[in-house]
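Enquirer: Compact mmCIF, C-alpha atoms, saved as query18.txt, coming up:
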```txt
# COMPACT_ATOMS: atom_id res chain seq x y z
CA MET S 1 119.29 65.48 26.61
CA GLN S 2 119.42 63.68 29.95
CA LYS S 3 122.12 65.10 32.18
CA THR S 4 124.73 62.97 33.87
CA ILE S 5 124.44 62.72 37.66
CA LEU S 6 127.72 61.99 39.40
CA ASN S 7 128.45 61.58 43.11
CA ARG S 8 132.00 60.33 43.41
CA PRO S 9 133.62 61.21 46.77
CA VAL S 10 135.05 64.71 47.20
CA ARG S 11 138.50 64.58 48.81
CA LYS S 12 140.22 67.68 47.47
CA ALA S 13 139.67 71.39 47.96
CA VAL S 14 141.01 74.15 45.71
CA PHE S 15 141.79 77.64 47.05
CA PRO S 16 142.60 80.39 44.51
CA VAL S 17 144.99 82.68 46.42
CA ALA S 18 146.92 84.33 43.58
CA GLY S 19 145.28 87.77 43.75
CA LEU S 20 147.31 90.87 44.60
CA GLY S 21 144.87 92.21 47.19
CA THR S 22 145.22 95.75 45.90
CA ARG S 23 142.08 96.94 47.69
CA PHE S 24 143.85 96.49 51.01
CA LEU S 25 147.10 98.23 50.14
CA PRO S 26 149.38 99.08 51.85
CA ALA S 27 148.40 96.36 54.37
CA THR S 28 148.85 93.74 51.65
CA LYS S 29 152.13 95.11 50.26
CA VAL S 30 153.93 92.18 51.94
CA LEU S 31 151.16 90.26 53.71
CA PRO S 32 148.86 88.26 51.38
CA LYS S 33 145.24 89.33 51.82
CA GLU S 34 144.34 85.72 52.66
CA MET S 35 146.53 86.07 55.74
CA LEU S 36 144.57 89.02 57.12
CA PRO S 37 143.22 87.95 60.53
CA LEU S 38 139.52 87.33 61.00
CA VAL S 39 139.41 87.79 64.79
CA ASP S 40 142.09 85.27 65.85
CA ARG S 41 143.19 83.45 62.70
CA PRO S 42 143.78 84.19 59.01
CA LEU S 43 141.03 84.07 56.42
CA ILE S 44 142.71 81.17 54.63
CA GLN S 45 142.88 79.09 57.81
CA ARG S 46 139.16 79.54 58.41
CA ALA S 47 138.52 78.35 54.84
CA VAL S 48 140.73 75.28 55.41
CA GLU S 49 138.91 74.53 58.67
CA GLU S 50 135.59 74.67 56.82
CA ALA S 51 136.96 72.19 54.29
CA ARG S 52 138.15 69.85 57.03
CA GLU S 53 134.75 69.92 58.69
CA ALA S 54 133.28 68.75 55.38
CA GLY S 55 135.59 65.71 55.35
CA ILE S 56 138.20 67.05 52.92
CA ASP S 57 141.83 66.16 53.60
CA GLU S 58 143.77 67.40 50.54
CA PHE S 59 144.31 71.12 50.01
CA ILE S 60 145.41 72.73 46.74
CA PHE S 61 146.49 76.37 46.68
CA ILE S 62 146.60 78.32 43.41
CA MET S 63 149.48 80.64 44.19
CA GLY S 64 150.85 83.90 42.83
CA ARG S 65 154.17 85.61 43.37
CA GLY S 66 154.87 86.75 46.92
CA LYS S 67 152.39 84.34 48.50
CA SER S 68 154.85 82.04 50.30
CA LEU S 69 153.63 83.21 53.72
CA ILE S 70 150.41 81.26 53.12
CA THR S 71 152.14 77.89 52.85
CA GLN S 72 154.54 78.81 55.66
CA HIS S 73 151.54 79.39 57.92
CA PHE S 74 150.46 75.76 57.49
CA ASP S 75 153.95 74.32 58.00
CA LEU S 76 154.85 72.45 61.16
CA GLN S 77 157.07 74.67 63.37
CA PRO S 78 158.92 72.40 65.86
CA GLU S 79 160.62 75.27 67.72
CA LEU S 80 157.31 76.99 68.40
CA ILE S 81 155.71 73.74 69.53
CA GLN S 82 158.59 72.97 71.88
CA ALA S 83 158.42 76.46 73.39
CA LEU S 84 154.67 76.19 74.02
CA GLU S 85 155.03 72.70 75.49
CA ALA S 86 157.79 73.87 77.81
CA ALA S 87 155.61 76.76 78.98
CA ASN S 88 152.56 74.45 79.45
CA LYS S 89 150.52 76.69 77.15
CA ASP S 90 148.16 73.92 76.08
CA ALA S 91 145.42 76.20 74.75
CA LEU S 92 147.83 78.00 72.42
CA LEU S 93 149.39 74.68 71.45
CA ASP S 94 145.99 73.39 70.37
CA LYS S 95 145.45 76.51 68.23
CA VAL S 96 148.82 76.07 66.57
CA HIS S 97 148.11 72.41 65.76
CA LYS S 98 144.86 73.43 64.05
CA SER S 99 146.92 75.56 61.67
CA ASP S 100 149.12 72.62 60.60
CA ILE S 101 148.58 70.61 57.42
CA GLU S 102 150.27 67.22 57.34
CA THR S 103 153.05 66.51 54.87
CA GLY S 104 151.67 65.46 51.50
CA HIS S 105 148.25 66.99 52.05
CA LEU S 106 149.10 70.54 50.90
CA LEU S 107 149.83 71.02 47.21
CA THR S 108 150.52 74.21 45.28
CA THR S 109 150.55 75.36 41.69
CA THR S 110 151.11 78.79 40.18
CA GLN S 111 148.87 81.11 38.21
CA GLN S 112 151.56 83.14 36.47
CA THR S 113 149.20 85.60 34.80
CA PRO S 114 145.97 86.91 36.35
CA LYS S 115 143.36 85.86 33.79
CA GLY S 116 140.34 85.43 36.04
CA LEU S 117 138.82 82.86 38.36
CA GLY S 118 138.17 80.37 35.59
CA HIS S 119 141.81 80.40 34.60
CA ALA S 120 142.90 80.04 38.24
CA VAL S 121 140.72 76.93 38.61
CA TRP S 122 142.09 75.51 35.35
CA CYS S 123 145.61 75.83 36.79
CA ALA S 124 144.69 73.15 39.35
CA ARG S 125 143.68 70.54 36.77
CA LYS S 126 146.73 68.26 37.11
CA LEU S 127 146.63 68.29 40.89
CA VAL S 128 142.90 67.56 41.04
CA GLY S 129 142.96 64.88 38.36
CA ASN S 130 139.84 63.07 37.26
CA GLU S 131 137.75 63.52 40.39
CA PRO S 132 135.30 66.06 41.81
CA PHE S 133 136.60 68.85 44.00
CA ALA S 134 135.45 71.60 46.32
CA LEU S 135 136.29 75.19 45.45
CA PHE S 136 136.64 77.88 48.12
CA LEU S 137 136.99 81.62 47.57
CA PRO S 138 138.70 82.77 50.80
CA ASP S 139 137.40 86.32 50.34
CA VAL S 140 133.98 84.99 51.32
CA MET S 141 133.54 84.02 54.95
CA ILE S 142 130.39 82.23 56.13
CA LEU S 143 129.25 82.21 59.74
CA SER S 144 127.02 79.24 60.49
CA ASP S 145 126.49 76.45 63.01
CA GLN S 146 127.31 73.85 60.38
CA GLY S 147 129.93 74.89 57.84
CA CYS S 148 128.65 75.89 54.42
CA MET S 149 130.67 73.19 52.64
CA ALA S 150 129.41 70.53 55.04
CA GLN S 151 125.86 71.60 54.15
CA MET S 152 126.75 71.35 50.48
CA MET S 153 128.23 67.88 51.01
CA ASP S 154 124.90 66.77 52.45
CA ALA S 155 123.20 67.94 49.27
CA TYR S 156 125.90 66.33 47.12
CA THR S 157 125.37 62.96 48.83
CA HIS S 158 121.73 62.94 47.75
CA ARG S 159 121.87 64.83 44.45
CA GLY S 160 125.38 64.40 43.06
CA GLY S 161 126.47 66.48 40.10
CA ASN S 162 127.65 70.02 40.74
CA ILE S 163 126.64 72.05 43.80
CA ILE S 164 126.73 75.84 44.16
CA ALA S 165 126.17 77.83 47.36
CA THR S 166 123.74 80.70 46.80
CA ALA S 167 122.17 83.59 48.69
CA ASP S 168 119.71 86.36 47.85
CA VAL S 169 121.05 89.81 47.03
CA PRO S 170 119.20 93.06 46.25
CA ARG S 171 118.28 93.18 42.56
CA ALA S 172 120.15 96.46 42.21
CA LEU S 173 123.39 94.60 43.05
CA THR S 174 123.10 91.64 40.68
CA HIS S 175 125.69 93.28 38.39
CA LYS S 176 128.33 92.44 41.02
CA TYR S 177 127.72 88.68 41.18
CA GLY S 178 127.20 85.48 39.26
CA ILE S 179 123.44 84.86 39.26
CA VAL S 180 121.64 81.51 38.94
CA ASP S 181 118.21 80.74 37.52
CA THR S 182 116.13 78.17 39.43
CA LYS S 183 112.92 78.93 37.49
CA GLY S 184 111.29 80.39 40.59
CA ASP S 185 111.98 77.34 42.78
CA THR S 186 112.37 78.72 46.31
CA ASN S 187 113.36 75.48 48.05
CA ALA S 188 116.63 75.41 49.99
CA GLN S 189 117.92 72.99 47.35
CA ALA S 190 116.80 73.57 43.78
CA PRO S 191 117.93 72.54 40.28
CA ILE S 192 119.78 75.26 38.40
CA HIS S 193 118.56 75.91 34.86
CA GLY S 194 120.89 78.73 33.91
CA MET S 195 123.64 81.07 35.12
CA VAL S 196 124.94 84.46 34.07
CA GLU S 197 127.96 86.45 35.23
CA LYS S 198 127.27 89.97 36.58
CA PRO S 199 124.01 90.70 34.73
CA LYS S 200 122.37 94.10 34.71
CA PRO S 201 119.49 94.19 37.23
CA GLU S 202 116.85 94.32 34.52
CA ALA S 203 118.35 91.27 32.79
CA ALA S 204 119.05 89.13 35.89
CA PRO S 205 117.06 85.86 35.86
CA SER S 206 116.77 85.97 39.67
CA THR S 207 118.40 87.55 42.71
CA LEU S 208 120.16 84.32 43.76
CA SER S 209 123.89 85.02 43.75
CA ILE S 210 126.77 82.55 43.75
CA VAL S 211 128.55 82.78 47.10
CA GLY S 212 132.12 81.56 46.80
CA ARG S 213 131.61 77.83 47.50
CA TYR S 214 131.33 75.12 44.83
CA ILE S 215 131.50 71.36 44.35
CA LEU S 216 132.49 70.74 40.74
CA GLN S 217 133.06 67.73 38.54
CA PRO S 218 136.45 67.45 36.76
CA GLU S 219 134.87 67.87 33.32
CA ILE S 220 134.95 71.61 34.06
CA PHE S 221 138.68 71.57 33.24
CA ASP S 222 138.15 70.48 29.63
CA ILE S 223 135.69 73.33 29.18
CA LEU S 224 137.99 75.89 30.80
CA GLU S 225 140.75 74.75 28.41
CA THR S 226 138.87 76.40 25.52
CA GLN S 227 136.86 79.02 27.40
CA ASP S 228 136.92 82.49 25.83
CA SER S 229 137.28 85.63 27.92
CA GLY S 230 134.03 86.99 29.30
CA SER S 231 133.01 89.76 31.66
CA GLY S 232 135.90 92.08 32.47
CA GLY S 233 138.07 90.48 29.81
CA GLU S 234 138.74 87.51 32.11
CA ILE S 235 138.08 83.79 31.82
CA GLN S 236 134.93 83.45 33.93
CA LEU S 237 134.14 80.27 35.83
CA THR S 238 130.42 81.00 35.50
CA ASP S 239 130.65 80.92 31.70
CA ALA S 240 132.31 77.49 31.85
CA MET S 241 129.67 76.21 34.27
CA VAL S 242 126.95 77.30 31.84
CA ARG S 243 128.50 75.01 29.24
CA LEU S 244 128.85 72.14 31.72
CA LEU S 245 125.20 72.61 32.67
CA GLU S 246 124.29 71.27 29.22
CA GLN S 247 125.77 67.89 30.22
CA GLN S 248 125.52 67.63 34.01
CA SER S 249 123.15 68.63 36.79
CA PHE S 250 123.73 71.71 38.95
CA THR S 251 122.02 72.32 42.27
CA SER S 252 121.63 75.58 44.16
CA VAL S 253 122.02 75.27 47.93
CA ARG S 254 120.75 78.19 49.99
CA PHE S 255 122.94 77.57 52.99
CA GLU S 256 121.99 78.35 56.57
CA GLY S 257 124.17 81.15 57.88
CA GLU S 258 125.41 84.64 57.06
CA HIS S 259 128.07 85.43 54.48
CA TYR S 260 130.52 88.31 54.47
CA ASP S 261 132.53 89.71 51.59
CA CYS S 262 136.00 90.17 53.07
CA GLY S 263 137.36 91.39 49.75
CA HIS S 264 136.68 95.00 50.70
CA HIS S 265 137.21 97.02 53.86
CA THR S 266 133.69 97.37 55.23
CA GLY S 267 132.83 93.73 54.59
CA PHE S 268 136.02 92.65 56.32
CA ILE S 269 135.29 94.89 59.32
CA GLU S 270 131.71 93.63 59.51
CA ALA S 271 132.92 90.03 59.40
CA ASN S 272 135.34 90.65 62.28
CA ILE S 273 132.53 92.08 64.40
CA ALA S 274 130.13 89.22 63.55
CA PHE S 275 132.68 86.47 64.16
CA ALA S 276 133.84 88.08 67.41
CA LEU S 277 130.25 88.28 68.66
CA ALA S 278 129.80 84.58 67.82
CA ASP S 279 132.95 83.53 69.69
CA PRO S 280 132.46 82.93 73.45
CA VAL S 281 136.04 84.08 74.09
CA PHE S 282 135.41 87.53 72.63
CA ALA S 283 131.63 87.99 72.65
CA ASP S 284 131.15 89.77 76.00
CA GLU S 285 133.96 92.25 75.50
CA MET S 286 132.86 92.85 71.91
CA LYS S 287 129.36 93.70 73.12
CA ARG S 288 130.80 96.17 75.62
CA ILE S 289 132.95 97.79 72.94
CA LEU S 290 129.99 98.14 70.58
CA ALA S 291 127.83 99.58 73.36
CA ARG S 292 130.49 102.18 74.16
CA MET S 293 130.89 103.10 70.51
CA ASN S 294 127.15 103.36 70.04
CA GLU S 295 126.90 105.60 73.10
CA LYS S 296 129.64 107.88 71.79
CA THR S 297 128.09 108.04 68.33
CA THR S 298 124.63 108.79 69.72
CA GLY S 299 126.09 111.40 72.04
CA ASN S 300 127.95 113.11 69.24
CA LYS S 301 124.79 113.26 67.17
CA ASN S 302 122.86 114.77 70.06
CA ASN S 303 125.57 117.34 70.66
CA ALA S 304 125.63 118.24 67.00
CA ALA S 305 121.85 118.70 67.00
CA ALA S 306 122.08 120.98 70.03
```
Take the structure in the file and give it back as structure tokens.
Expert:
Amino acid sequence: MQKTILNRPVRKAVFPVAGLGTRFLPATKVLPKEMLPLVDRPLIQRAVEEAREAGIDEFIFIMGRGKSLITQHFDLQPELIQALEAANKDALLDKVHKSDIETGHLLTTTQQTPKGLGHAVWCARKLVGNEPFALFLPDVMILSDQGCMAQMMDAYTHRGGNIIATADVPRALTHKYGIVDTKGDTNAQAPIHGMVEKPKPEAAPSTLSIVGRYILQPEIFDILETQDSGSGGEIQLTDAMVRLLEQQSFTSVRFEGEHYDCGHHTGFIEANIAFALADPVFADEMKRILARMNEKTTGNKNNAAA
């Protein structure tokens, strides 16, 4: 069966932010994990900035209980702006403006019960409507010259359909990720022939993992409506995409850049180091800090050996 190729404009981005963030407790007892700072701004703001770079101007948050700080962060705060203007703090004022989302461009809906990523995406169906959308997992941060979603938009312009960001992982770790099958095609952009959620290493069709960025057609919502629970007893987005693959094209985009899993402590720490080193404001001091730490660590090892 010939698959439908669609390339309607992508104007909306969906951000599932309903998770409890239990891995980071007690830091996330009150503060949503998406508000944890990556160097100088929250994870969720960096995801929104990536969406803006890709030309997206409508932002949909899939919320859970106790997540109101996320939307408050993007609210206009006149008192703060007035104070910064009065103090002539133009640099800080510019940073604050970048965290604002204009009235009518931020929409929210609630995932009342945690039933998996697929269910969270389904919760956005009425706000997205009958048009394609970008999906961002804020736990995943990507450091690149051109934003990952902007790279995916370039592919979408030429290929249409559904686009998935991918990256190689060690085969031993395929059980942690959604894995795509490109039939051995090693091009930066390649048709996807199959997908599987968290396969055992010996059963994985490849080592190309799905990396938290998607462009999806709205037909995914009809499939999620009837999607059974999958891996982990949750409604898996990957399972729904496998069904949509029977009707529409999917393309794997191996983006240029490095990705960091900020959903656990060491990945979050690594991301902070990498992003600080890439920021001219912090890079020099970060290098000095790392040099001092390396010197202390090396010295301790030498002393222990003695």
Enquirer: Could you work out how far atom CA of S:Val140 lies from atom CA of S:Leu245, giving the answer in Å with one decimal?
Expert: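 Computed distance, atom CA of S:Leu245 to atom CA of S:Val140, equals 24.0 Å.
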Enquirer: For stretch 28-40 of chain S, take all atoms listed in the file, fit an axis-aligned box around them, add 5 Å to each of the six sides, then output centre and edge lengths in Å rounded to one decimal, as JSON.
Expert:
```
{"center_x": 146.7, "center_y": 90.2, "center_z": 58.1, "size_x": 24.5, "size_y": 19.8, "size_z": 25.6}
```
Enquirer: If you count all atoms listed in the file, which residues fall within 8 Å of stretch 18-30 of chain S, apart from same-chain ones fewer than 4 positions away, as a compact mmCIF listing (two decimals) with C-alpha atoms, in the coordinates of the input?
Expert:
```
# COMPACT_ATOMS: atom_id res chain seq x y z
CA ILE S 62 146.60 78.32 43.41
CA MET S 63 149.48 80.64 44.19
CA GLY S 64 150.85 83.90 42.83
CA ARG S 65 154.17 85.61 43.37
CA GLY S 66 154.87 86.75 46.92
CA LYS S 67 152.39 84.34 48.50
CA THR S 110 151.11 78.79 40.18
CA GLN S 111 148.87 81.11 38.21
CA PRO S 114 145.97 86.91 36.35
CA ALA S 120 142.90 80.04 38.24
CA GLY S 263 137.36 91.39 49.75
CA HIS S 264 136.68 95.00 50.70
CA HIS S 265 137.21 97.02 53.86
```
Enquirer: One decimal, in Å: what's the spacing between atom CA of S:Ala165 and atom CA of S:Gly232?
Expert: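 Distance reported for this atom pair: 22.8 Å.
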Enquirer: Given the choices S:Leu290, S:Ala86, S:Ala240, S:Val169, which gets closest to S:Ser206 if the distance is worked out from only C-alpha atoms?
Expert: S:Val169
Enquirer: Tell me which protein, DNA and RNA residues are within 9 Å of S:Ser144, counting all atoms listed in the file, leaving out same-chain ones fewer than 6 positions away, and put them as a VMD selection string.
Expert: chain S and resid 255 to 259
Enquirer: Hey, can you spit out that residue selection with C-alpha atoms as a compact mmCIF listing (two decimals), keeping the file's coordinate frame?
Expert:
```txt
# COMPACT_ATOMS: atom_id res chain seq x y z
CA PHE S 255 122.94 77.57 52.99
CA GLU S 256 121.99 78.35 56.57
CA GLY S 257 124.17 81.15 57.88
CA GLU S 258 125.41 84.64 57.06
CA HIS S 259 128.07 85.43 54.48
```
Enquirer: List every protein, DNA or RNA residue with an atom no more than 12 Å from (138.5, 86.9, 31.2) in the file's coordinates, counting only C-alpha atoms, and format the result as a list in words.
Expert: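 Result, sorted by chain then residue number: Thr113, Pro114, Lys115, Gly116, Leu117, Gly118, His119, Ala120, Glu197, Leu224, Thr226, Gln227, Asp228, Ser229, Gly230, Ser231, Gly232, Gly233, Glu234, Ile235, Gln236, Leu237, Thr238, Asp239 and Ala240 of chain S.
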Enquirer: I want to know what sits within 12 Å of S:Thr186, based on all atoms listed in the file, with residues of the same chain fewer than 4 positions away left out; could you give that as a VMD selection string?
Expert: chain S and resid 166 to 168 181 to 182 190 to 192 206 to 208 252 to 254
Enquirer: Using atom CA of S:Lys287 and atom CA of S:Ala274 as the two end points, give the distance in Å to one decimal.
Expert: 10.6 Å
Enquirer: Where atoms are missing, can you supply N, CA and C atoms for stretch 19-50 of chain S and output the lot as a short mmCIF file (atom, residue, chain, number, x, y, z; two decimals), in the coordinates of the input?
Expert:
```
data_model
loop_
_atom_site.label_atom_id
_atom_site.label_comp_id
_atom_site.auth_asym_id
_atom_site.auth_seq_id
_atom_site.Cartn_x
_atom_site.Cartn_y
_atom_site.Cartn_z
N GLY S 19 145.57 86.35 43.92
CA GLY S 19 145.28 87.77 43.75
C GLY S 19 146.24 88.68 44.49
N LEU S 20 146.37 89.92 44.01
CA LEU S 20 147.31 90.87 44.60
C LEU S 20 146.76 91.58 45.83
N GLY S 21 145.45 91.56 46.01
CA GLY S 21 144.87 92.21 47.19
C GLY S 21 145.05 93.72 47.19
N THR S 22 144.94 94.32 46.02
CA THR S 22 145.22 95.75 45.90
C THR S 22 144.24 96.62 46.69
N ARG S 23 143.04 96.14 46.94
CA ARG S 23 142.08 96.94 47.69
C ARG S 23 142.55 97.22 49.11
N PHE S 24 143.40 96.34 49.63
CA PHE S 24 143.85 96.49 51.01
C PHE S 24 145.25 97.09 51.14
N LEU S 25 145.81 97.58 50.04
CA LEU S 25 147.10 98.23 50.14
C LEU S 25 147.03 99.46 51.05
N PRO S 26 148.07 99.74 51.84
CA PRO S 26 149.38 99.08 51.85
C PRO S 26 149.47 97.87 52.79
N ALA S 27 148.35 97.49 53.44
CA ALA S 27 148.40 96.36 54.37
C ALA S 27 148.86 95.08 53.68
N THR S 28 148.53 94.96 52.39
CA THR S 28 148.85 93.74 51.65
C THR S 28 150.08 93.91 50.76
N LYS S 29 150.89 94.91 51.03
CA LYS S 29 152.13 95.11 50.26
C LYS S 29 153.05 93.92 50.43
N VAL S 30 153.11 93.37 51.65
CA VAL S 30 153.93 92.18 51.94
C VAL S 30 153.05 91.02 52.37
N LEU S 31 152.04 91.30 53.17
CA LEU S 31 151.16 90.26 53.71
C LEU S 31 150.07 89.91 52.71
N PRO S 32 149.96 88.64 52.27
CA PRO S 32 148.86 88.26 51.38
C PRO S 32 147.51 88.55 52.04
N LYS S 33 146.54 88.98 51.25
CA LYS S 33 145.24 89.33 51.82
C LYS S 33 144.59 88.13 52.50
N GLU S 34 144.90 86.93 52.04
CA GLU S 34 144.34 85.72 52.66
C GLU S 34 144.87 85.49 54.06
N MET S 35 145.95 86.20 54.40
CA MET S 35 146.53 86.07 55.74
C MET S 35 146.02 87.15 56.69
N LEU S 36 145.15 88.02 56.22
CA LEU S 36 144.57 89.02 57.12
C LEU S 36 143.77 88.29 58.19
N PRO S 37 143.88 88.69 59.45
CA PRO S 37 143.22 87.95 60.53
C PRO S 37 141.74 88.26 60.64
N LEU S 38 140.94 87.22 60.66
CA LEU S 38 139.52 87.33 61.00
C LEU S 38 139.40 86.93 62.47
N VAL S 39 139.37 87.91 63.34
CA VAL S 39 139.41 87.79 64.79
C VAL S 39 140.76 87.20 65.23
N ASP S 40 140.88 85.88 65.28
CA ASP S 40 142.09 85.27 65.85
C ASP S 40 142.85 84.36 64.90
N ARG S 41 142.43 84.27 63.64
CA ARG S 41 143.19 83.45 62.70
C ARG S 41 142.93 83.93 61.27
N PRO S 42 143.87 83.65 60.37
CA PRO S 42 143.78 84.19 59.01
C PRO S 42 142.56 83.68 58.26
N LEU S 43 142.15 84.47 57.27
CA LEU S 43 141.03 84.07 56.42
C LEU S 43 141.25 82.69 55.82
N ILE S 44 142.45 82.44 55.31
CA ILE S 44 142.71 81.17 54.63
C ILE S 44 142.61 80.00 55.60
N GLN S 45 143.00 80.18 56.85
CA GLN S 45 142.88 79.09 57.81
C GLN S 45 141.42 78.77 58.08
N ARG S 46 140.59 79.80 58.18
CA ARG S 46 139.16 79.54 58.41
C ARG S 46 138.56 78.77 57.22
N ALA S 47 139.01 79.08 56.01
CA ALA S 47 138.52 78.35 54.84
C ALA S 47 138.97 76.89 54.89
N VAL S 48 140.22 76.65 55.29
CA VAL S 48 140.73 75.28 55.41
C VAL S 48 139.97 74.52 56.49
N GLU S 49 139.67 75.17 57.60
CA GLU S 49 138.91 74.53 58.67
C GLU S 49 137.51 74.14 58.19
N GLU S 50 136.91 75.00 57.38
CA GLU S 50 135.59 74.67 56.82
C GLU S 50 135.68 73.44 55.92
#
```
